[in-house]
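Trainee: Just upload17.tsv, nothing more (TSV, C-alpha atoms):
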chain	number	residue	atom	x	y	z
C	1	MET	CA	100.41	121.42	92.20
C	2	MET	CA	100.54	118.31	94.36
C	3	LYS	CA	103.94	117.36	95.80
C	4	ILE	CA	104.57	113.61	95.86
C	5	PHE	CA	107.21	111.75	97.82
C	6	GLN	CA	107.75	108.28	99.18
C	7	VAL	CA	108.78	107.02	102.61
C	8	VAL	CA	110.73	103.78	102.21
C	9	GLY	CA	112.64	101.44	104.47
C	10	TYR	CA	112.70	97.88	105.62
C	11	LYS	CA	110.13	96.23	107.89
C	12	ASN	CA	109.89	97.81	111.34
C	13	ALA	CA	111.95	100.83	110.29
C	14	GLY	CA	109.20	103.20	111.41
C	15	LYS	CA	107.68	104.06	108.01
C	16	THR	CA	104.07	104.22	109.20
C	17	THR	CA	105.03	106.16	112.33
C	18	LEU	CA	106.91	108.69	110.22
C	19	VAL	CA	104.13	108.98	107.62
C	20	CYS	CA	101.62	109.68	110.43
C	21	GLU	CA	103.96	112.31	111.94
C	22	ILE	CA	104.33	114.01	108.56
C	23	VAL	CA	100.57	113.90	107.88
C	24	ARG	CA	99.82	115.43	111.30
C	25	GLU	CA	102.38	118.21	110.84
C	26	LEU	CA	101.31	119.10	107.30
C	27	THR	CA	97.58	119.03	108.09
C	28	ASN	CA	98.21	121.15	111.20
C	29	LYS	CA	99.62	123.73	108.77
C	30	GLY	CA	96.33	123.67	106.86
C	31	LEU	CA	97.61	121.53	103.98
C	32	ARG	CA	95.61	118.73	102.31
C	33	VAL	CA	97.45	115.42	102.44
C	34	GLY	CA	96.74	112.00	100.96
C	35	THR	CA	98.54	108.70	101.46
C	36	VAL	CA	99.04	105.43	99.60
C	37	LYS	CA	100.45	102.38	101.38
C	38	HIS	CA	102.07	99.36	99.78
C	39	ASP	CA	101.48	96.05	101.54
C	40	VAL	CA	103.40	93.05	100.24
C	41	HIS	CA	101.09	90.68	102.10
C	42	ASP	CA	97.42	90.04	101.54
C	43	PHE	CA	95.44	92.22	103.89
C	44	GLU	CA	91.86	92.17	105.06
C	45	PRO	CA	90.39	95.68	104.61
C	46	ASP	CA	87.05	94.86	106.15
C	47	VAL	CA	86.12	93.46	109.53
C	48	THR	CA	84.71	89.95	109.48
C	49	GLY	CA	80.93	89.95	109.62
C	50	THR	CA	80.28	93.51	108.43
C	51	ASP	CA	77.93	94.04	105.49
C	52	THR	CA	80.71	94.93	103.06
C	53	TRP	CA	82.73	91.91	104.21
C	54	GLN	CA	79.68	89.76	103.45
C	55	HIS	CA	79.40	91.37	100.00
C	56	ARG	CA	83.04	90.47	99.27
C	57	GLN	CA	82.60	86.95	100.59
C	58	ALA	CA	79.61	86.55	98.30
C	59	GLY	CA	81.88	87.31	95.34
C	60	ALA	CA	81.57	91.05	94.69
C	61	HIS	CA	84.51	92.24	92.59
C	62	ILE	CA	84.12	95.83	93.79
C	63	THR	CA	82.62	96.88	97.10
C	64	ALA	CA	82.10	100.44	98.28
C	65	ILE	CA	80.78	101.90	101.48
C	66	THR	CA	79.92	105.51	102.10
C	67	SER	CA	78.74	107.59	105.02
C	68	PRO	CA	78.23	111.32	105.52
C	69	SER	CA	81.95	111.67	106.32
C	70	ARG	CA	83.88	109.10	104.24
C	71	THR	CA	83.89	106.63	101.38
C	72	ALA	CA	85.96	103.47	100.96
C	73	TRP	CA	86.39	101.19	97.96
C	74	VAL	CA	87.64	97.63	97.91
C	75	GLN	CA	88.48	96.10	94.57
C	76	GLU	CA	89.58	92.48	94.27
C	77	GLN	CA	92.69	93.21	92.19
C	78	SER	CA	96.06	94.87	92.50
C	79	THR	CA	96.26	98.43	91.22
C	80	PRO	CA	99.50	99.89	89.82
C	81	LEU	CA	100.87	102.84	91.77
C	82	GLU	CA	100.64	105.12	88.72
C	83	GLU	CA	96.91	104.44	88.43
C	84	LEU	CA	96.39	105.23	92.11
C	85	VAL	CA	98.38	108.46	91.80
C	86	SER	CA	96.41	109.44	88.70
C	87	ASP	CA	93.10	108.90	90.51
C	88	ILE	CA	94.30	110.78	93.59
C	89	ARG	CA	95.41	113.83	91.55
C	90	GLU	CA	91.71	114.69	91.11
C	91	HIS	CA	91.36	115.43	94.83
C	92	ALA	CA	93.21	118.77	94.99
C	93	LEU	CA	95.83	117.68	97.51
C	94	ASP	CA	98.92	119.60	98.49
C	95	TYR	CA	100.87	116.42	99.24
C	96	LEU	CA	100.66	112.73	98.45
C	97	ILE	CA	102.82	110.54	100.67
C	98	ILE	CA	103.52	107.04	99.38
C	99	GLU	CA	104.59	104.48	101.96
C	100	GLY	CA	106.72	101.80	100.35
C	101	PHE	CA	107.09	101.00	96.63
C	102	LYS	CA	110.92	101.18	96.84
C	103	SER	CA	111.34	100.77	93.07
C	104	ALA	CA	108.97	103.62	92.14
C	105	ALA	CA	110.56	106.74	90.68
C	106	TYR	CA	109.15	109.37	93.04
C	107	PRO	CA	111.36	111.38	95.40
C	108	LYS	CA	112.17	109.20	98.39
C	109	VAL	CA	112.72	109.70	102.09
C	110	VAL	CA	114.74	106.67	103.20
C	111	LEU	CA	114.59	105.34	106.75
C	112	LEU	CA	117.74	103.61	107.96
C	113	ARG	CA	117.75	101.53	111.14
C	114	ASN	CA	121.38	100.37	111.09
C	115	GLU	CA	124.37	99.74	108.81
C	116	GLN	CA	122.66	96.73	107.18
C	117	ASP	CA	120.07	99.12	105.72
C	118	ASN	CA	122.70	101.17	103.87
C	119	VAL	CA	121.91	99.25	100.64
C	120	LEU	CA	118.83	101.51	100.45
C	121	LEU	CA	121.18	104.40	99.70
C	122	SER	CA	121.48	102.95	96.18
C	123	LEU	CA	117.80	103.65	95.41
C	124	THR	CA	116.97	106.36	92.90
C	125	ASN	CA	115.64	109.84	93.72
C	126	ILE	CA	116.56	109.96	97.42
C	127	ILE	CA	115.75	113.42	98.76
C	128	ALA	CA	116.43	112.76	102.46
C	129	VAL	CA	117.64	110.12	104.87
C	130	ILE	CA	116.25	109.67	108.33
C	131	VAL	CA	118.02	107.70	111.03
C	132	ARG	CA	116.10	106.80	114.16
C	133	GLU	CA	119.11	107.48	116.34
C	134	PRO	CA	122.45	109.15	115.67
C	135	ASN	CA	124.74	106.86	113.65
C	136	ASP	CA	128.01	108.36	112.45
C	137	SER	CA	128.56	105.73	109.76
C	138	LEU	CA	125.11	106.05	108.16
C	139	GLN	CA	125.13	109.80	108.44
C	140	ALA	CA	128.57	109.99	106.76
C	141	GLN	CA	127.46	107.68	103.92
C	142	ALA	CA	124.36	109.79	103.22
C	143	LYS	CA	126.29	113.06	103.43
C	144	ALA	CA	128.92	111.66	101.01
C	145	LEU	CA	126.04	111.24	98.53
C	146	ALA	CA	124.94	114.85	99.21
C	147	ILE	CA	121.69	113.64	100.79
C	148	PRO	CA	120.38	115.61	103.78
C	149	VAL	CA	120.21	113.58	106.99
C	150	PHE	CA	117.64	114.03	109.75
C	151	ILE	CA	117.44	112.28	113.09
C	152	GLN	CA	114.09	111.13	114.45
C	153	PRO	CA	112.54	111.67	116.90
C	154	ASP	CA	114.78	114.65	117.71
C	155	PRO	CA	112.35	117.61	117.88
C	156	VAL	CA	114.75	120.10	116.24
C	157	SER	CA	115.57	117.66	113.45
C	158	SER	CA	111.86	116.79	113.04
C	159	LEU	CA	110.93	120.47	112.61
C	160	SER	CA	113.80	120.95	110.16
C	161	PHE	CA	112.62	117.91	108.19
C	162	ILE	CA	109.04	119.19	107.88
C	163	GLN	CA	110.32	122.63	106.81
C	164	TYR	CA	112.56	120.87	104.27
C	165	LEU	CA	109.56	118.94	102.85
C	166	ILE	CA	107.45	122.07	102.55
C	167	GLY	CA	110.26	123.81	100.69
C	168	LEU	CA	110.64	121.07	98.07
C	169	PRO	CA	109.63	122.01	94.53
C	170	SER	CA	106.52	120.40	93.05
As structure tokens - that is how I would like this structure written.

Mentor:
Amino acid sequence: MMKIFQVVGYKNAGKTTLVCEIVRELTNKGLRVGTVKHDVHDFEPDVTGTDTWQHRQAGAHITAITSPSRTAWVQEQSTPLEELVSDIREHALDYLIIEGFKSAAYPKVVLLRNEQDNVLLSLTNIIAVIVREPNDSLQAQAKALAIPVFIQPDPVSSLSFIQYLIGLPS
């Protein structure tokens, strides 16, 4: 059964860096991992001038591109997280890592940069807190809530964190 968890934090907290570290570690262990990223801004998924970009500019509502090694879809609409998760479940993954979507109900790994980020400790379903450097105040707040705390990029803490994720129930 696929394990799902989120990585949340404020802008420039290191969410993408952490997600990539987790993906690398899990795939190095032979596990199949998928990701979903939330972007609160409009983004351009296709490079200007490519064929699929031209299709979208011409008004295509859905554009797909495929090659011998990958397929990508672009749909001109927002898709609810639950629909994305439902579609991804068909791909026999071991893990799905969701970057962002703070208000979603999945288990969350919360990244804290400094004391101003401690409001994130009020989110639901927090399974771990990661601080980018030792911070006694943040670490004490998380521990008071019985939430495990890990320090990145400390190699011992990083290894402990990955082992913690693998041990989580589905």

Trainee: What's around Ile4 in chain C at 7 Å? Count all atoms listed in the file, leave out sequence neighbours fewer than 6 positions away in its own chain, and write the answer as a PyMOL selection string.

Mentor: chain C and resi 95-97+106

Trainee: Can you tell me, as a compact mmCIF listing (two decimals) with C-alpha atoms, keeping the file's coordinate frame, what residues are no more than 7 Å from Gly100 in chain C when counting all atoms listed in the file, ignoring any on the same chain fewer than 5 positions away?

Mentor:
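And here is the file that came out, around_31.txt:
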# COMPACT_ATOMS: atom_id res chain seq x y z
CA GLN C 6 107.75 108.28 99.18
CA VAL C 7 108.78 107.02 102.61
CA VAL C 8 110.73 103.78 102.21
CA LYS C 37 100.45 102.38 101.38
CA HIS C 38 102.07 99.36 99.78

Trainee: Could you pull the residues within 10 Å of Ile22 in chain C, counting all atoms listed in the file, minus those fewer than 6 positions along the same chain, as a ChimeraX atom specification?

Mentor: /C:16,28,33,97,158,161-162,165

Trainee: Within 12 Å of Glu99 in chain C, counting only C-alpha atoms, which residues qualify if same-chain residues fewer than 6 places away don't, as JSON, numbers by chain?

Mentor: {"C": [4, 5, 6, 7, 8, 9, 10, 11, 13, 14, 15, 16, 17, 18, 19, 20, 22, 23, 34, 35, 36, 37, 38, 39, 40, 81, 106, 107, 108, 109, 110, 111]}

Trainee: Set the distance at 9 Å and use all atoms listed in the file: which residues neighbour range 44-54 of chain C once local chain neighbours fewer than 5 positions away are removed? I'd like the list as a JSON list (two decimals) with C-alpha atoms, in the frame of the given file.

Mentor:
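Contents of the output file selection-v4.json:
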[["chain", "number", "residue", "atom", "x", "y", "z"],
["C", 59, "GLY", "CA", 81.88, 87.31, 95.34],
["C", 63, "THR", "CA", 82.62, 96.88, 97.10],
["C", 64, "ALA", "CA", 82.10, 100.44, 98.28],
["C", 65, "ILE", "CA", 80.78, 101.90, 101.48],
["C", 74, "VAL", "CA", 87.64, 97.63, 97.91]]

Trainee: My list of candidates is C:Ala146, C:Ile130, C:Ile166, C:Ala105. Which is closest to Leu26 in chain C when distances are computed with all atoms listed in the file?

Mentor: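 Answer, going by the shortest atom-to-atom distance: C:Ile166.
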
Trainee: Which value, in Å to one decimal, gives the distance between CA of Phe101 in chain C and CA of Ser122 in chain C?

Mentor: 14.5 Å
